[in-house]
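> Before anything else, here's the structure in question.
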Amino acid sequence: MAAMKPRTGDGPMEAIREKRDLIIVKVPAEGGGRLVFSLKDEEAVALRDALNGVTK
């Protein structure tokens, strides 16, 4: 039986730039853990603009 690791992924939202010109974004998810995805600069700008369009 494999060892079970506790979910310790809860934490603040963060974004870091990697060497390969990618931005790694980590977003806390409901129920524990985090959603992790990578974006290119153009995609990050498009995401920023979309979020600005729906936030106050």
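Residue numbers start at 1 in each chain; chains themselves are named A, B, ... in the order of the structure tokens; ligands are numbered from 1 in the order shown.
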Taking the chain letters and numbering used in this document, name the residues of chain A that DSSP puts in strand (DSSP E or B), as JSON, numbers by chain.

{"A": [14, 15, 16, 17, 23, 24, 25, 26, 27, 28, 34, 35, 36, 37, 38, 39]}

> Next, write the just-selected residues to a file, as a PDB file, in the first residue's frame, keeping N, CA and C atoms as the atom set.


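Below is the file that was written, selection22.pdb:
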```pdb
ATOM      1  N   GLU A  14      -0.225  32.544  -5.468  1.00  0.00           N
ATOM      2  CA  GLU A  14       1.099  33.017  -5.832  1.00  0.00           C
ATOM      3  C   GLU A  14       1.346  32.819  -7.317  1.00  0.00           C
ATOM      4  N   ALA A  15       2.238  33.616  -7.850  1.00  0.00           N
ATOM      5  CA  ALA A  15       2.658  33.497  -9.240  1.00  0.00           C
ATOM      6  C   ALA A  15       4.170  33.682  -9.279  1.00  0.00           C
ATOM      7  N   ILE A  16       4.851  32.777  -9.970  1.00  0.00           N
ATOM      8  CA  ILE A  16       6.301  32.864 -10.097  1.00  0.00           C
ATOM      9  C   ILE A  16       6.689  32.683 -11.561  1.00  0.00           C
ATOM     10  N   ARG A  17       7.797  33.286 -11.946  1.00  0.00           N
ATOM     11  CA  ARG A  17       8.294  33.128 -13.312  1.00  0.00           C
ATOM     12  C   ARG A  17       9.355  32.034 -13.308  1.00  0.00           C
ATOM     13  N   ILE A  23       4.928  31.550 -16.634  1.00  0.00           N
ATOM     14  CA  ILE A  23       4.469  32.020 -15.327  1.00  0.00           C
ATOM     15  C   ILE A  23       3.675  30.886 -14.709  1.00  0.00           C
ATOM     16  N   ILE A  24       4.068  30.450 -13.523  1.00  0.00           N
ATOM     17  CA  ILE A  24       3.371  29.398 -12.803  1.00  0.00           C
ATOM     18  C   ILE A  24       2.469  30.060 -11.772  1.00  0.00           C
ATOM     19  N   VAL A  25       1.170  29.758 -11.839  1.00  0.00           N
ATOM     20  CA  VAL A  25       0.187  30.351 -10.935  1.00  0.00           C
ATOM     21  C   VAL A  25      -0.381  29.240 -10.058  1.00  0.00           C
ATOM     22  N   LYS A  26      -0.430  29.497  -8.746  1.00  0.00           N
ATOM     23  CA  LYS A  26      -0.988  28.542  -7.789  1.00  0.00           C
ATOM     24  C   LYS A  26      -2.133  29.229  -7.061  1.00  0.00           C
ATOM     25  N   VAL A  27      -3.340  28.644  -7.186  1.00  0.00           N
ATOM     26  CA  VAL A  27      -4.550  29.224  -6.618  1.00  0.00           C
ATOM     27  C   VAL A  27      -5.155  28.230  -5.625  1.00  0.00           C
ATOM     28  N   PRO A  28      -5.396  28.646  -4.369  1.00  0.00           N
ATOM     29  CA  PRO A  28      -6.037  27.741  -3.409  1.00  0.00           C
ATOM     30  C   PRO A  28      -7.399  27.285  -3.930  1.00  0.00           C
ATOM     31  N   ARG A  34      -4.355  22.986  -4.206  1.00  0.00           N
ATOM     32  CA  ARG A  34      -4.252  24.189  -5.021  1.00  0.00           C
ATOM     33  C   ARG A  34      -4.339  23.825  -6.494  1.00  0.00           C
ATOM     34  N   LEU A  35      -4.903  24.730  -7.262  1.00  0.00           N
ATOM     35  CA  LEU A  35      -4.940  24.605  -8.708  1.00  0.00           C
ATOM     36  C   LEU A  35      -3.654  25.234  -9.223  1.00  0.00           C
ATOM     37  N   VAL A  36      -2.876  24.479  -9.984  1.00  0.00           N
ATOM     38  CA  VAL A  36      -1.600  24.971 -10.482  1.00  0.00           C
ATOM     39  C   VAL A  36      -1.640  24.929 -12.000  1.00  0.00           C
ATOM     40  N   PHE A  37      -1.278  26.048 -12.636  1.00  0.00           N
ATOM     41  CA  PHE A  37      -1.238  26.082 -14.087  1.00  0.00           C
ATOM     42  C   PHE A  37      -0.144  27.022 -14.552  1.00  0.00           C
ATOM     43  N   SER A  38       0.268  26.878 -15.804  1.00  0.00           N
ATOM     44  CA  SER A  38       1.318  27.717 -16.360  1.00  0.00           C
ATOM     45  C   SER A  38       0.748  28.548 -17.506  1.00  0.00           C
ATOM     46  N   LEU A  39       1.270  29.748 -17.616  1.00  0.00           N
ATOM     47  CA  LEU A  39       0.808  30.688 -18.631  1.00  0.00           C
ATOM     48  C   LEU A  39       1.998  31.324 -19.337  1.00  0.00           C
TER      49      LEU A  39
END
```

> Which residues in chain A does DSSP call alpha helix (DSSP H)? List them as a PyMOL selection string.

chain A and resi 41-54

> Could you write those residues out with N, CA and C atoms, as a short mmCIF file (atom, residue, chain, number, x, y, z; two decimals), in the first residue's frame?


```cif
data_model
loop_
_atom_site.label_atom_id
_atom_site.label_comp_id
_atom_site.auth_asym_id
_atom_site.auth_seq_id
_atom_site.Cartn_x
_atom_site.Cartn_y
_atom_site.Cartn_z
N ASP A 41 3.28 34.87 -21.30
CA ASP A 41 3.02 36.28 -21.00
C ASP A 41 1.71 36.77 -21.62
N GLU A 42 1.45 36.41 -22.87
CA GLU A 42 0.24 36.87 -23.56
C GLU A 42 -1.01 36.33 -22.86
N GLU A 43 -0.94 35.09 -22.42
CA GLU A 43 -2.08 34.49 -21.72
C GLU A 43 -2.31 35.15 -20.36
N ALA A 44 -1.23 35.51 -19.68
CA ALA A 44 -1.35 36.19 -18.39
C ALA A 44 -2.00 37.56 -18.56
N VAL A 45 -1.63 38.27 -19.61
CA VAL A 45 -2.23 39.58 -19.89
C VAL A 45 -3.71 39.43 -20.20
N ALA A 46 -4.06 38.42 -20.99
CA ALA A 46 -5.46 38.17 -21.33
C ALA A 46 -6.27 37.82 -20.08
N LEU A 47 -5.69 37.02 -19.18
CA LEU A 47 -6.36 36.67 -17.93
C LEU A 47 -6.55 37.92 -17.07
N ARG A 48 -5.52 38.74 -16.97
CA ARG A 48 -5.63 39.99 -16.20
C ARG A 48 -6.74 40.87 -16.74
N ASP A 49 -6.80 41.03 -18.05
CA ASP A 49 -7.84 41.88 -18.66
C ASP A 49 -9.23 41.30 -18.43
N ALA A 50 -9.38 39.98 -18.52
CA ALA A 50 -10.67 39.35 -18.28
C ALA A 50 -11.11 39.56 -16.83
N LEU A 51 -10.20 39.42 -15.88
CA LEU A 51 -10.53 39.61 -14.47
C LEU A 51 -10.82 41.07 -14.17
N ASN A 52 -10.10 41.98 -14.79
CA ASN A 52 -10.38 43.41 -14.59
C ASN A 52 -11.77 43.77 -15.09
N GLY A 53 -12.24 43.05 -16.11
CA GLY A 53 -13.56 43.33 -16.66
C GLY A 53 -14.72 42.92 -15.75
N VAL A 54 -14.46 42.05 -14.80
CA VAL A 54 -15.54 41.57 -13.93
C VAL A 54 -15.35 41.94 -12.46
#
```
